[in-house]
Amino acid sequence: MSTAHGTTTPPGAPGPRPWSADPYSDALVTGRGPLFLRRTDGWLLPLEVERWCARADAVDLTVLGRCEGAVLDVGCGPGRLVAELASRGRPALGIDVSEAAVAHTARLGGQALRRSVFEPLPGEGRWDTALLLDGNVGIGGDPAALLRRLAQLLTSGGLLIVETLADVDVDERVSVHIVRVADPRSTAGPAFPWARLGTPALLRHAARAGWRREGQWSAGGRSFVALRNRDGRDGPDDRDDRNSRSTSSAAEPPNSTAVINSQRARKPSPESPLANR
(Lines give C-alpha, C1' and ligand atoms only; values in the text may rest on other atoms or scores of the structure.)
Protein backbone atom coordinates (compact mmCIF):
# COMPACT_ATOMS: atom_id res chain seq x y z
CA MET A 1 0.00 0.00 0.00
CA SER A 2 1.70 2.92 1.24
CA THR A 3 4.88 4.82 1.64
CA ALA A 4 5.74 6.18 5.03
CA HIS A 5 8.74 8.21 6.04
CA GLY A 6 9.92 8.95 9.56
CA THR A 7 8.89 12.29 11.00
CA THR A 8 12.36 13.75 10.43
CA THR A 9 12.99 12.16 7.04
CA PRO A 10 12.37 14.44 4.03
CA PRO A 11 10.74 12.99 0.92
CA GLY A 12 13.32 11.27 -1.26
CA ALA A 13 15.66 10.34 1.57
CA PRO A 14 15.97 6.81 2.98
CA GLY A 15 13.90 6.30 6.10
CA PRO A 16 12.20 3.68 8.25
CA ARG A 17 9.73 1.38 6.53
CA PRO A 18 6.99 0.92 9.14
CA TRP A 19 4.72 -0.98 6.74
CA SER A 20 7.23 -3.83 6.90
CA ALA A 21 6.34 -4.42 10.55
CA ASP A 22 5.32 -7.99 11.40
CA PRO A 23 1.64 -7.37 12.28
CA TYR A 24 1.01 -6.01 8.83
CA SER A 25 2.95 -8.76 7.07
CA ASP A 26 1.20 -11.40 9.15
CA ALA A 27 -2.19 -9.92 8.27
CA LEU A 28 -1.39 -10.09 4.55
CA VAL A 29 -0.35 -13.73 4.87
CA THR A 30 -3.62 -14.68 6.57
CA GLY A 31 -5.74 -12.19 4.65
CA ARG A 32 -7.44 -11.16 7.88
CA GLY A 33 -7.38 -8.41 10.50
CA PRO A 34 -8.23 -6.82 12.69
CA LEU A 35 -5.43 -4.32 12.24
CA PHE A 36 -5.30 -0.61 13.00
CA LEU A 37 -3.24 2.50 12.75
CA ARG A 38 -3.03 3.96 16.23
CA ARG A 39 -2.62 7.70 16.47
CA THR A 40 -0.37 9.01 19.18
CA ASP A 41 -3.45 10.37 20.98
CA GLY A 42 -4.79 6.81 21.27
CA TRP A 43 -7.45 6.81 18.54
CA LEU A 44 -7.58 3.80 16.22
CA LEU A 45 -7.97 3.94 12.44
CA PRO A 46 -9.12 0.61 10.98
CA LEU A 47 -7.25 -1.07 8.15
CA GLU A 48 -9.51 -3.01 5.79
CA VAL A 49 -7.24 -6.02 5.41
CA GLU A 50 -9.93 -8.41 4.21
CA ARG A 51 -11.08 -6.09 1.44
CA TRP A 52 -7.53 -5.29 0.33
CA CYS A 53 -6.61 -8.99 0.16
CA ALA A 54 -9.74 -9.93 -1.81
CA ARG A 55 -10.27 -9.49 -5.52
CA ALA A 56 -11.29 -6.07 -6.82
CA ASP A 57 -14.92 -5.38 -5.92
CA ALA A 58 -17.65 -3.56 -7.83
CA VAL A 59 -16.56 -0.14 -6.54
CA ASP A 60 -12.94 -0.82 -7.49
CA LEU A 61 -14.08 -1.76 -10.98
CA THR A 62 -15.80 1.60 -11.45
CA VAL A 63 -12.46 3.26 -10.69
CA LEU A 64 -10.46 0.99 -12.96
CA GLY A 65 -12.92 1.66 -15.77
CA ARG A 66 -11.83 5.31 -15.72
CA CYS A 67 -8.11 4.55 -15.98
CA GLU A 68 -6.23 5.57 -19.12
CA GLY A 69 -3.14 3.99 -20.66
CA ALA A 70 -0.40 2.70 -18.37
CA VAL A 71 -1.43 2.75 -14.70
CA LEU A 72 0.74 3.29 -11.61
CA ASP A 73 -0.90 2.14 -8.35
CA VAL A 74 0.83 4.05 -5.56
CA GLY A 75 0.72 2.07 -2.32
CA CYS A 76 -0.65 -0.99 -4.09
CA GLY A 77 -0.77 -3.15 -0.96
CA PRO A 78 -1.66 -6.79 -1.67
CA GLY A 79 -2.28 -5.89 -5.30
CA ARG A 80 -5.94 -6.45 -6.09
CA LEU A 81 -6.11 -3.48 -8.47
CA VAL A 82 -2.88 -4.24 -10.30
CA ALA A 83 -3.89 -7.89 -10.66
CA GLU A 84 -7.30 -6.94 -12.04
CA LEU A 85 -5.75 -4.62 -14.61
CA ALA A 86 -3.23 -7.33 -15.58
CA SER A 87 -6.05 -9.85 -16.06
CA ARG A 88 -7.58 -7.44 -18.56
CA GLY A 89 -4.31 -7.08 -20.45
CA ARG A 90 -3.81 -3.53 -19.19
CA PRO A 91 -0.28 -2.22 -18.50
CA ALA A 92 0.02 -1.60 -14.75
CA LEU A 93 2.64 -1.45 -12.01
CA GLY A 94 2.14 -1.34 -8.25
CA ILE A 95 4.63 0.26 -5.87
CA ASP A 96 4.62 -0.29 -2.14
CA VAL A 97 7.08 -0.27 0.74
CA SER A 98 6.02 -3.66 2.12
CA GLU A 99 7.80 -6.78 0.92
CA ALA A 100 4.79 -8.89 1.92
CA ALA A 101 2.48 -6.70 -0.16
CA VAL A 102 4.69 -6.93 -3.22
CA ALA A 103 4.93 -10.71 -2.89
CA HIS A 104 1.14 -10.96 -2.57
CA THR A 105 0.71 -8.83 -5.69
CA ALA A 106 3.02 -11.14 -7.63
CA ARG A 107 1.06 -14.20 -6.48
CA LEU A 108 -2.10 -12.62 -7.88
CA GLY A 109 -0.41 -12.13 -11.24
CA GLY A 110 0.38 -8.42 -10.98
CA GLN A 111 3.69 -6.59 -11.31
CA ALA A 112 4.95 -4.66 -8.31
CA LEU A 113 8.08 -2.92 -7.13
CA ARG A 114 9.18 -2.44 -3.54
CA ARG A 115 9.73 1.27 -3.63
CA SER A 116 8.62 4.52 -2.03
CA VAL A 117 6.84 6.94 -4.33
CA PHE A 118 9.49 9.49 -3.37
CA GLU A 119 12.31 7.27 -4.65
CA PRO A 120 13.33 6.95 -8.33
CA LEU A 121 10.75 4.94 -10.30
CA PRO A 122 10.54 3.37 -13.76
CA GLY A 123 8.96 5.51 -16.46
CA GLU A 124 8.94 8.82 -14.61
CA GLY A 125 6.95 11.38 -16.55
CA ARG A 126 5.37 8.74 -18.81
CA TRP A 127 2.58 7.15 -16.74
CA ASP A 128 -0.92 7.94 -18.03
CA THR A 129 -2.84 7.27 -14.80
CA ALA A 130 -1.90 7.11 -11.12
CA LEU A 131 -4.06 5.75 -8.31
CA LEU A 132 -4.13 6.90 -4.68
CA LEU A 133 -6.86 4.68 -3.20
CA ASP A 134 -7.63 3.18 0.23
CA GLY A 135 -6.40 6.25 2.10
CA ASN A 136 -3.05 6.46 0.29
CA VAL A 137 -3.35 10.21 -0.13
CA GLY A 138 -1.96 10.10 3.43
CA ILE A 139 1.41 8.67 2.33
CA GLY A 140 4.26 10.62 3.87
CA GLY A 141 1.96 12.86 5.92
CA ASP A 142 2.30 15.74 3.41
CA PRO A 143 -0.43 15.74 0.73
CA ALA A 144 1.05 18.78 -1.04
CA ALA A 145 4.43 17.08 -1.47
CA LEU A 146 2.75 13.87 -2.62
CA LEU A 147 0.67 15.69 -5.25
CA ARG A 148 3.76 17.49 -6.56
CA ARG A 149 5.61 14.17 -6.81
CA LEU A 150 2.76 12.55 -8.74
CA ALA A 151 2.78 15.42 -11.23
CA GLN A 152 6.41 14.46 -11.95
CA LEU A 153 5.49 10.80 -12.52
CA LEU A 154 2.56 11.35 -14.89
CA THR A 155 2.69 12.31 -18.52
CA SER A 156 1.49 15.77 -19.60
CA GLY A 157 -2.27 15.77 -19.09
CA GLY A 158 -2.06 12.59 -17.02
CA LEU A 159 -4.93 11.43 -14.81
CA LEU A 160 -4.81 11.02 -11.02
CA ILE A 161 -7.63 9.26 -9.16
CA VAL A 162 -7.72 9.85 -5.41
CA GLU A 163 -9.95 8.32 -2.74
CA THR A 164 -10.94 10.75 -0.01
CA LEU A 165 -12.98 10.74 3.19
CA ALA A 166 -16.65 10.90 2.28
CA ASP A 167 -18.17 14.39 2.17
CA VAL A 168 -16.25 15.84 5.11
CA ASP A 169 -13.77 18.70 5.23
CA VAL A 170 -10.93 16.95 7.05
CA ASP A 171 -7.30 17.98 6.62
CA GLU A 172 -5.46 16.04 9.30
CA ARG A 173 -1.76 15.31 9.70
CA VAL A 174 -1.05 12.68 12.35
CA SER A 175 1.65 10.41 13.67
CA VAL A 176 0.65 6.73 13.80
CA HIS A 177 1.80 3.23 14.70
CA ILE A 178 0.61 -0.10 13.31
CA VAL A 179 -1.15 -2.18 15.99
CA ARG A 180 -3.14 -5.37 16.29
CA VAL A 181 -6.57 -5.01 17.83
CA ALA A 182 -5.85 -8.06 19.98
CA ASP A 183 -3.49 -5.85 21.93
CA PRO A 184 -4.31 -2.24 21.00
CA ARG A 185 -1.87 -0.80 23.54
CA SER A 186 1.17 -2.39 21.90
CA THR A 187 2.94 -0.79 18.96
CA ALA A 188 4.81 -2.31 16.05
CA GLY A 189 7.60 -0.36 14.44
CA PRO A 190 8.37 3.35 14.72
CA ALA A 191 5.81 6.12 14.56
CA PHE A 192 5.47 7.65 11.11
CA PRO A 193 3.53 10.56 9.59
CA TRP A 194 0.17 10.06 7.92
CA ALA A 195 -2.59 12.33 6.61
CA ARG A 196 -6.36 12.10 6.17
CA LEU A 197 -8.19 14.30 3.66
CA GLY A 198 -11.79 14.99 2.80
CA THR A 199 -12.69 16.06 -0.72
CA PRO A 200 -12.68 19.84 -0.04
CA ALA A 201 -9.19 19.68 1.48
CA LEU A 202 -7.88 17.55 -1.38
CA LEU A 203 -9.21 20.02 -3.94
CA ARG A 204 -7.50 22.91 -2.15
CA HIS A 205 -4.16 21.08 -2.11
CA ALA A 206 -4.63 19.99 -5.72
CA ALA A 207 -5.34 23.51 -6.98
CA ARG A 208 -2.19 24.83 -5.32
CA ALA A 209 -0.15 21.97 -6.81
CA GLY A 210 -1.36 22.66 -10.36
CA TRP A 211 -4.04 19.99 -10.76
CA ARG A 212 -7.47 20.56 -12.30
CA ARG A 213 -10.55 18.71 -11.05
CA GLU A 214 -12.01 16.53 -13.77
CA GLY A 215 -14.71 14.82 -11.75
CA GLN A 216 -15.81 13.42 -8.42
CA TRP A 217 -18.19 10.64 -7.45
CA SER A 218 -19.22 8.29 -4.66
CA ALA A 219 -19.90 4.56 -4.78
CA GLY A 220 -20.42 1.98 -2.07
CA GLY A 221 -19.83 4.51 0.69
CA ARG A 222 -16.46 5.55 -0.80
CA SER A 223 -15.59 8.92 -2.36
CA PHE A 224 -13.28 9.65 -5.29
CA VAL A 225 -11.84 12.63 -7.14
CA ALA A 226 -10.30 12.62 -10.62
CA LEU A 227 -7.59 15.23 -11.22
CA ARG A 228 -5.64 16.20 -14.33
CA ASN A 229 -2.53 18.30 -14.84
CA ARG A 230 -3.60 21.80 -15.79
CA ASP A 231 -0.72 22.23 -18.21
CA GLY A 232 -1.58 19.02 -20.08
CA ARG A 233 -3.67 18.84 -23.22
CA ASP A 234 -7.13 17.63 -22.28
CA GLY A 235 -9.29 18.13 -25.33
CA PRO A 236 -11.48 15.36 -26.79
CA ASP A 237 -8.81 14.27 -29.26
CA ASP A 238 -6.28 13.77 -26.48
CA ARG A 239 -8.72 11.79 -24.34
CA ASP A 240 -9.51 9.58 -27.32
CA ASP A 241 -5.79 9.01 -27.88
CA ARG A 242 -5.23 8.03 -24.26
CA ASN A 243 -8.22 5.68 -24.34
CA SER A 244 -6.92 4.01 -27.47
CA ARG A 245 -3.62 3.41 -25.72
CA SER A 246 -5.44 1.93 -22.72
CA THR A 247 -7.06 -0.74 -24.85
CA SER A 248 -4.10 -1.54 -27.08
CA SER A 249 -2.84 -5.08 -26.58
CA ALA A 250 0.65 -3.85 -27.48
CA ALA A 251 0.73 -1.27 -24.69
CA GLU A 252 3.39 -1.79 -22.01
CA PRO A 253 4.18 0.03 -18.78
CA PRO A 254 6.94 2.63 -19.12
CA ASN A 255 10.28 0.87 -18.62
CA SER A 256 8.40 -2.39 -18.12
CA THR A 257 11.62 -4.38 -18.15
CA ALA A 258 12.63 -2.63 -14.93
CA VAL A 259 9.61 -3.93 -13.01
CA ILE A 260 10.45 -6.15 -10.04
CA ASN A 261 8.01 -8.74 -8.65
CA SER A 262 8.26 -8.18 -4.91
CA GLN A 263 6.91 -5.39 -2.72
CA ARG A 264 5.07 -3.70 0.13
CA ALA A 265 2.16 -3.22 2.53
CA ARG A 266 -1.03 -1.32 2.89
CA LYS A 267 -3.00 1.66 4.00
CA PRO A 268 -5.52 3.05 6.39
CA SER A 269 -9.22 2.96 5.78
CA PRO A 270 -10.76 6.22 4.60
CA GLU A 271 -13.48 5.75 7.22
CA SER A 272 -13.65 7.68 10.48
CA PRO A 273 -11.29 6.45 13.19
CA LEU A 274 -12.61 4.24 15.97
CA ALA A 275 -12.22 5.44 19.50
CA ASN A 276 -9.53 3.74 21.53
CA ARG A 277 -10.85 0.79 23.50
# chains A, B, ... in the order shown; residues from 1 in each chain; ligands from 1
call {"tool": "residues_around", "arguments": {"residues": "region 153-165 of chain A", "least_positions_apart": "2", "cutoff": "8 Å", "atoms": "only C-alpha atoms", "output": "short mmCIF file (atom, residue, chain, number, x, y, z; two decimals) with all heavy atoms, in the first residue's frame"}}
result
data_model
loop_
_atom_site.label_atom_id
_atom_site.label_comp_id
_atom_site.auth_asym_id
_atom_site.auth_seq_id
_atom_site.Cartn_x
_atom_site.Cartn_y
_atom_site.Cartn_z
N VAL A 63 -13.67 2.44 -10.63
CA VAL A 63 -12.46 3.26 -10.69
C VAL A 63 -11.56 2.80 -11.83
O VAL A 63 -11.07 3.61 -12.64
CB VAL A 63 -11.70 3.20 -9.35
CG1 VAL A 63 -10.36 3.91 -9.47
CG2 VAL A 63 -12.53 3.80 -8.23
N CYS A 67 -9.56 4.44 -15.77
CA CYS A 67 -8.11 4.55 -15.98
C CYS A 67 -7.77 4.65 -17.46
O CYS A 67 -8.46 4.07 -18.32
CB CYS A 67 -7.40 3.34 -15.37
SG CYS A 67 -7.44 3.28 -13.56
N GLU A 68 -6.70 5.36 -17.76
CA GLU A 68 -6.23 5.57 -19.12
C GLU A 68 -4.80 5.05 -19.25
O GLU A 68 -3.97 5.27 -18.37
CB GLU A 68 -6.26 7.06 -19.46
CG GLU A 68 -7.62 7.71 -19.30
CD GLU A 68 -7.58 9.22 -19.32
OE1 GLU A 68 -6.47 9.80 -19.24
OE2 GLU A 68 -8.66 9.84 -19.41
N GLY A 123 9.89 4.77 -15.63
CA GLY A 123 8.96 5.51 -16.46
C GLY A 123 8.52 6.85 -15.93
O GLY A 123 7.40 7.29 -16.23
N GLU A 124 9.36 7.53 -15.16
CA GLU A 124 8.94 8.82 -14.61
C GLU A 124 8.57 9.78 -15.73
O GLU A 124 9.27 9.92 -16.72
CB GLU A 124 10.05 9.41 -13.74
CG GLU A 124 10.35 8.58 -12.50
CD GLU A 124 10.94 9.40 -11.37
OE1 GLU A 124 10.98 10.65 -11.47
OE2 GLU A 124 11.37 8.79 -10.38
N GLY A 125 7.43 10.44 -15.56
CA GLY A 125 6.95 11.38 -16.55
C GLY A 125 6.22 10.75 -17.71
O GLY A 125 5.80 11.45 -18.64
N ARG A 126 6.01 9.41 -17.67
CA ARG A 126 5.37 8.74 -18.81
C ARG A 126 4.18 7.87 -18.41
O ARG A 126 3.59 7.20 -19.25
CB ARG A 126 6.41 7.89 -19.55
CG ARG A 126 7.44 8.75 -20.26
CD ARG A 126 8.36 7.95 -21.17
NE ARG A 126 9.32 7.20 -20.37
CZ ARG A 126 9.50 5.89 -20.45
NH1 ARG A 126 8.76 5.16 -21.26
NH2 ARG A 126 10.41 5.28 -19.72
N TRP A 127 3.78 7.89 -17.14
CA TRP A 127 2.58 7.15 -16.74
C TRP A 127 1.34 7.96 -17.13
O TRP A 127 1.30 9.18 -16.98
CB TRP A 127 2.60 6.88 -15.24
CG TRP A 127 3.70 5.94 -14.85
CD1 TRP A 127 4.94 6.29 -14.37
CD2 TRP A 127 3.68 4.51 -14.94
NE1 TRP A 127 5.69 5.14 -14.16
CE2 TRP A 127 4.95 4.05 -14.50
CE3 TRP A 127 2.73 3.59 -15.35
CZ2 TRP A 127 5.26 2.69 -14.46
CZ3 TRP A 127 3.04 2.24 -15.31
CH2 TRP A 127 4.29 1.81 -14.87
N ASP A 128 0.31 7.26 -17.62
CA ASP A 128 -0.92 7.94 -18.03
C ASP A 128 -1.89 8.15 -16.88
O ASP A 128 -2.62 9.14 -16.85
CB ASP A 128 -1.62 7.12 -19.12
CG ASP A 128 -0.76 6.96 -20.36
OD1 ASP A 128 -0.49 7.98 -21.01
OD2 ASP A 128 -0.34 5.82 -20.66
N THR A 129 -1.92 7.20 -15.94
CA THR A 129 -2.84 7.27 -14.80
C THR A 129 -2.09 6.86 -13.54
O THR A 129 -1.28 5.93 -13.57
CB THR A 129 -4.04 6.32 -14.98
OG1 THR A 129 -4.73 6.65 -16.19
CG2 THR A 129 -5.02 6.43 -13.81
N ALA A 130 -2.39 7.54 -12.44
CA ALA A 130 -1.90 7.11 -11.12
C ALA A 130 -3.09 6.98 -10.19
O ALA A 130 -4.07 7.73 -10.29
CB ALA A 130 -0.89 8.11 -10.55
N LEU A 131 -3.00 6.01 -9.29
CA LEU A 131 -4.06 5.75 -8.31
C LEU A 131 -3.55 6.02 -6.90
O LEU A 131 -2.45 5.58 -6.54
CB LEU A 131 -4.54 4.30 -8.41
CG LEU A 131 -5.08 3.84 -9.77
CD1 LEU A 131 -5.42 2.35 -9.72
CD2 LEU A 131 -6.31 4.66 -10.17
N LEU A 132 -4.37 6.70 -6.12
CA LEU A 132 -4.13 6.90 -4.68
C LEU A 132 -5.42 6.48 -3.97
O LEU A 132 -6.24 7.32 -3.59
CB LEU A 132 -3.82 8.35 -4.36
CG LEU A 132 -2.40 8.87 -4.57
CD1 LEU A 132 -2.33 10.35 -4.24
CD2 LEU A 132 -1.38 8.10 -3.73
N LEU A 133 -5.61 5.18 -3.80
CA LEU A 133 -6.86 4.68 -3.20
C LEU A 133 -6.62 4.18 -1.78
O LEU A 133 -5.49 4.15 -1.30
CB LEU A 133 -7.43 3.56 -4.07
CG LEU A 133 -7.70 3.91 -5.54
CD1 LEU A 133 -8.47 2.78 -6.21
CD2 LEU A 133 -8.43 5.22 -5.71
N ASP A 134 -7.70 3.81 -1.11
CA ASP A 134 -7.63 3.18 0.23
C ASP A 134 -6.88 4.05 1.24
O ASP A 134 -6.17 3.54 2.09
CB ASP A 134 -6.97 1.81 0.13
CG ASP A 134 -7.70 0.87 -0.80
OD1 ASP A 134 -8.93 1.00 -0.93
OD2 ASP A 134 -7.05 0.00 -1.41
N GLY A 135 -7.04 5.38 1.14
CA GLY A 135 -6.40 6.25 2.10
C GLY A 135 -4.98 6.63 1.77
O GLY A 135 -4.33 7.33 2.55
N ASN A 136 -4.46 6.23 0.61
CA ASN A 136 -3.05 6.46 0.29
C ASN A 136 -2.68 7.90 0.01
O ASN A 136 -1.50 8.22 -0.14
CB ASN A 136 -2.63 5.57 -0.89
CG ASN A 136 -2.29 4.18 -0.42
OD1 ASN A 136 -1.94 3.97 0.72
ND2 ASN A 136 -2.42 3.21 -1.31
N VAL A 137 -3.67 8.79 -0.06
CA VAL A 137 -3.35 10.21 -0.13
C VAL A 137 -2.61 10.65 1.14
O VAL A 137 -1.97 11.70 1.17
CB VAL A 137 -4.64 11.05 -0.33
CG1 VAL A 137 -5.52 11.03 0.91
CG2 VAL A 137 -4.30 12.47 -0.76
N ARG A 149 4.85 15.32 -6.33
CA ARG A 149 5.61 14.17 -6.81
C ARG A 149 4.84 13.43 -7.91
O ARG A 149 5.44 13.02 -8.92
CB ARG A 149 5.91 13.23 -5.64
CG ARG A 149 6.58 11.92 -6.02
CD ARG A 149 7.88 12.16 -6.75
NE ARG A 149 8.57 10.90 -7.02
CZ ARG A 149 9.35 10.70 -8.07
NH1 ARG A 149 9.57 11.67 -8.95
NH2 ARG A 149 9.95 9.53 -8.24
N LEU A 150 3.54 13.26 -7.74
CA LEU A 150 2.76 12.55 -8.74
C LEU A 150 2.71 13.32 -10.05
O LEU A 150 2.66 12.71 -11.14
CB LEU A 150 1.35 12.28 -8.21
CG LEU A 150 1.33 11.19 -7.14
CD1 LEU A 150 0.02 11.19 -6.39
CD2 LEU A 150 1.58 9.83 -7.76
N ALA A 151 2.73 14.63 -9.99
CA ALA A 151 2.78 15.42 -11.23
C ALA A 151 4.06 15.13 -12.01
O ALA A 151 4.07 15.18 -13.24
CB ALA A 151 2.69 16.91 -10.90
N ASP A 167 -17.37 13.19 1.93
CA ASP A 167 -18.17 14.39 2.17
C ASP A 167 -17.88 15.09 3.49
O ASP A 167 -18.79 15.60 4.16
CB ASP A 167 -19.67 14.05 2.11
CG ASP A 167 -20.04 13.45 0.75
OD1 ASP A 167 -19.50 13.91 -0.26
OD2 ASP A 167 -20.86 12.52 0.74
N VAL A 168 -16.63 15.11 3.90
CA VAL A 168 -16.25 15.84 5.11
C VAL A 168 -15.01 16.67 4.80
O VAL A 168 -14.19 16.29 3.97
CB VAL A 168 -15.96 14.89 6.30
CG1 VAL A 168 -17.23 14.24 6.79
CG2 VAL A 168 -14.94 13.84 5.91
N VAL A 170 -11.99 17.34 6.12
CA VAL A 170 -10.93 16.95 7.05
C VAL A 170 -9.59 17.17 6.38
O VAL A 170 -9.38 16.80 5.23
CB VAL A 170 -11.08 15.46 7.44
CG1 VAL A 170 -9.88 15.00 8.27
CG2 VAL A 170 -12.36 15.24 8.20
N ARG A 196 -4.99 12.47 6.56
CA ARG A 196 -6.36 12.10 6.17
C ARG A 196 -7.01 13.33 5.56
O ARG A 196 -6.97 14.41 6.15
CB ARG A 196 -7.14 11.60 7.38
CG ARG A 196 -6.54 10.38 8.05
CD ARG A 196 -7.24 10.06 9.38
NE ARG A 196 -8.61 9.65 9.21
CZ ARG A 196 -9.67 10.30 9.69
NH1 ARG A 196 -9.52 11.40 10.38
NH2 ARG A 196 -10.89 9.84 9.51
N LEU A 197 -7.61 13.16 4.36
CA LEU A 197 -8.19 14.30 3.66
C LEU A 197 -9.62 14.01 3.23
O LEU A 197 -9.92 12.93 2.72
CB LEU A 197 -7.40 14.62 2.39
CG LEU A 197 -5.97 15.16 2.51
CD1 LEU A 197 -5.44 15.50 1.13
CD2 LEU A 197 -5.90 16.36 3.43
N GLY A 198 -10.50 14.99 3.44
CA GLY A 198 -11.79 14.99 2.80
C GLY A 198 -11.68 15.62 1.42
O GLY A 198 -10.64 16.20 1.07
N THR A 199 -12.74 15.54 0.65
CA THR A 199 -12.69 16.06 -0.72
C THR A 199 -12.39 17.55 -0.77
O THR A 199 -11.54 17.98 -1.58
CB THR A 199 -14.02 15.76 -1.44
OG1 THR A 199 -14.18 14.33 -1.52
CG2 THR A 199 -14.02 16.34 -2.84
N LEU A 202 -8.66 18.04 -0.24
CA LEU A 202 -7.88 17.55 -1.38
C LEU A 202 -7.92 18.55 -2.52
O LEU A 202 -6.88 18.85 -3.15
CB LEU A 202 -8.43 16.21 -1.85
CG LEU A 202 -7.82 15.73 -3.18
CD1 LEU A 202 -6.35 15.39 -3.02
CD2 LEU A 202 -8.60 14.56 -3.75
N ARG A 222 -17.81 5.03 -0.59
CA ARG A 222 -16.46 5.55 -0.80
C ARG A 222 -16.53 6.75 -1.74
O ARG A 222 -17.41 6.83 -2.59
CB ARG A 222 -15.55 4.46 -1.37
CG ARG A 222 -15.39 3.27 -0.45
CD ARG A 222 -14.82 2.06 -1.17
NE ARG A 222 -13.47 2.28 -1.67
CZ ARG A 222 -12.83 1.44 -2.49
NH1 ARG A 222 -13.44 0.33 -2.93
NH2 ARG A 222 -11.61 1.71 -2.90
N SER A 223 -15.59 7.69 -1.57
CA SER A 223 -15.59 8.92 -2.36
C SER A 223 -14.30 9.04 -3.15
O SER A 223 -13.22 8.72 -2.65
CB SER A 223 -15.76 10.14 -1.46
OG SER A 223 -17.03 10.14 -0.84
N PHE A 224 -14.41 9.57 -4.39
CA PHE A 224 -13.28 9.65 -5.29
C PHE A 224 -13.26 11.00 -6.01
O PHE A 224 -14.30 11.60 -6.26
CB PHE A 224 -13.33 8.54 -6.34
CG PHE A 224 -13.45 7.16 -5.74
CD1 PHE A 224 -14.70 6.59 -5.51
CD2 PHE A 224 -12.31 6.44 -5.39
CE1 PHE A 224 -14.81 5.33 -4.95
CE2 PHE A 224 -12.42 5.18 -4.82
CZ PHE A 224 -13.67 4.62 -4.61
N VAL A 225 -12.03 11.42 -6.35
CA VAL A 225 -11.84 12.63 -7.14
C VAL A 225 -10.87 12.30 -8.26
O VAL A 225 -9.86 11.65 -8.04
CB VAL A 225 -11.27 13.79 -6.28
CG1 VAL A 225 -10.99 15.00 -7.16
CG2 VAL A 225 -12.23 14.14 -5.15
N ALA A 226 -11.20 12.76 -9.47
CA ALA A 226 -10.30 12.62 -10.62
C ALA A 226 -9.67 13.98 -10.89
O ALA A 226 -10.38 15.00 -10.99
CB ALA A 226 -11.06 12.13 -11.85
N LEU A 227 -8.35 14.00 -11.00
CA LEU A 227 -7.59 15.23 -11.22
C LEU A 227 -6.75 15.09 -12.49
O LEU A 227 -6.31 13.99 -12.83
CB LEU A 227 -6.65 15.51 -10.04
CG LEU A 227 -7.29 15.64 -8.66
CD1 LEU A 227 -6.20 15.66 -7.59
CD2 LEU A 227 -8.15 16.90 -8.57
N ARG A 228 -6.51 16.22 -13.16
CA ARG A 228 -5.64 16.20 -14.33
C ARG A 228 -4.70 17.40 -14.28
O ARG A 228 -5.08 18.47 -13.81
CB ARG A 228 -6.46 16.22 -15.62
CG ARG A 228 -5.66 15.72 -16.83
CD ARG A 228 -6.51 15.69 -18.09
NE ARG A 228 -7.58 14.73 -18.08
CZ ARG A 228 -7.41 13.43 -18.35
NH1 ARG A 228 -6.22 12.95 -18.62
NH2 ARG A 228 -8.47 12.61 -18.34
N ASN A 229 -3.48 17.20 -14.78
CA ASN A 229 -2.53 18.30 -14.84
C ASN A 229 -3.11 19.46 -15.65
O ASN A 229 -3.59 19.27 -16.76
CB ASN A 229 -1.23 17.86 -15.52
CG ASN A 229 -0.40 16.97 -14.63
OD1 ASN A 229 -0.46 17.05 -13.41
ND2 ASN A 229 0.37 16.10 -15.25
N ARG A 230 -3.05 20.65 -15.09
CA ARG A 230 -3.60 21.80 -15.79
C ARG A 230 -2.83 22.14 -17.05
O ARG A 230 -3.37 22.66 -18.00
CB ARG A 230 -3.58 23.02 -14.87
CG ARG A 230 -4.75 23.04 -13.91
CD ARG A 230 -4.69 24.26 -13.03
NE ARG A 230 -5.90 24.39 -12.25
CZ ARG A 230 -6.00 25.19 -11.20
NH1 ARG A 230 -4.96 25.89 -10.81
NH2 ARG A 230 -7.13 25.27 -10.54
N ASP A 231 -1.53 21.85 -17.05
CA ASP A 231 -0.72 22.23 -18.21
C ASP A 231 -0.75 21.17 -19.29
O ASP A 231 -0.10 21.30 -20.32
CB ASP A 231 0.73 22.49 -17.80
CG ASP A 231 1.37 21.28 -17.15
OD1 ASP A 231 0.65 20.29 -16.89
OD2 ASP A 231 2.58 21.34 -16.88
N GLY A 232 -1.51 20.07 -19.07
CA GLY A 232 -1.58 19.02 -20.08
C GLY A 232 -2.72 19.28 -21.06
O GLY A 232 -3.67 20.00 -20.78
N ARG A 233 -2.60 18.74 -22.24
CA ARG A 233 -3.67 18.84 -23.22
C ARG A 233 -4.81 17.92 -22.76
O ARG A 233 -4.59 16.77 -22.46
CB ARG A 233 -3.19 18.40 -24.60
CG ARG A 233 -2.07 19.29 -25.14
CD ARG A 233 -1.60 18.78 -26.49
NE ARG A 233 -1.17 17.39 -26.36
CZ ARG A 233 -1.07 16.56 -27.40
NH1 ARG A 233 -1.39 16.96 -28.61
NH2 ARG A 233 -0.65 15.32 -27.23
N ASP A 234 -6.02 18.44 -22.76
CA ASP A 234 -7.13 17.63 -22.28
C ASP A 234 -8.37 17.76 -23.15
O ASP A 234 -9.48 17.60 -22.69
CB ASP A 234 -7.47 17.97 -20.82
CG ASP A 234 -7.83 19.43 -20.64
OD1 ASP A 234 -7.86 20.18 -21.63
OD2 ASP A 234 -8.09 19.82 -19.50
N PRO A 270 -10.31 4.84 4.66
CA PRO A 270 -10.76 6.22 4.60
C PRO A 270 -11.92 6.51 5.54
O PRO A 270 -12.41 7.61 5.58
CB PRO A 270 -11.19 6.36 3.13
CG PRO A 270 -11.57 5.01 2.70
CD PRO A 270 -10.64 4.08 3.46
N GLU A 271 -12.36 5.53 6.30
CA GLU A 271 -13.48 5.75 7.22
C GLU A 271 -13.01 6.50 8.46
O GLU A 271 -11.84 6.62 8.75
CB GLU A 271 -14.09 4.41 7.62
CG GLU A 271 -14.59 3.58 6.44
CD GLU A 271 -15.66 4.32 5.64
OE1 GLU A 271 -16.48 5.04 6.27
OE2 GLU A 271 -15.67 4.20 4.42
N SER A 272 -13.97 6.96 9.24
CA SER A 272 -13.65 7.68 10.48
C SER A 272 -12.94 6.74 11.44
O SER A 272 -13.23 5.55 11.50
CB SER A 272 -14.93 8.21 11.13
OG SER A 272 -15.61 9.07 10.25
#
call {"tool": "closest_residue", "arguments": {"among": "A:Leu108, A:Ala144, A:Val29, A:Ala92", "to": "Gly69 (chain A)", "atoms": "only C-alpha atoms"}}
result
A:Ala92
call {"tool": "select_by_dssp", "arguments": {"residues": "region 37-257 of chain A", "states": "alpha helix (DSSP H)", "output": "ChimeraX atom specification"}}
result
/A:49-53,58-64,80-87,99-107,143-153,199-208,236-247
call {"tool": "atom_distance", "arguments": {"atom1": "CA of Pro122 (chain A)", "atom2": "CA of Ala103 (chain A)"}}
result
18.6 Å
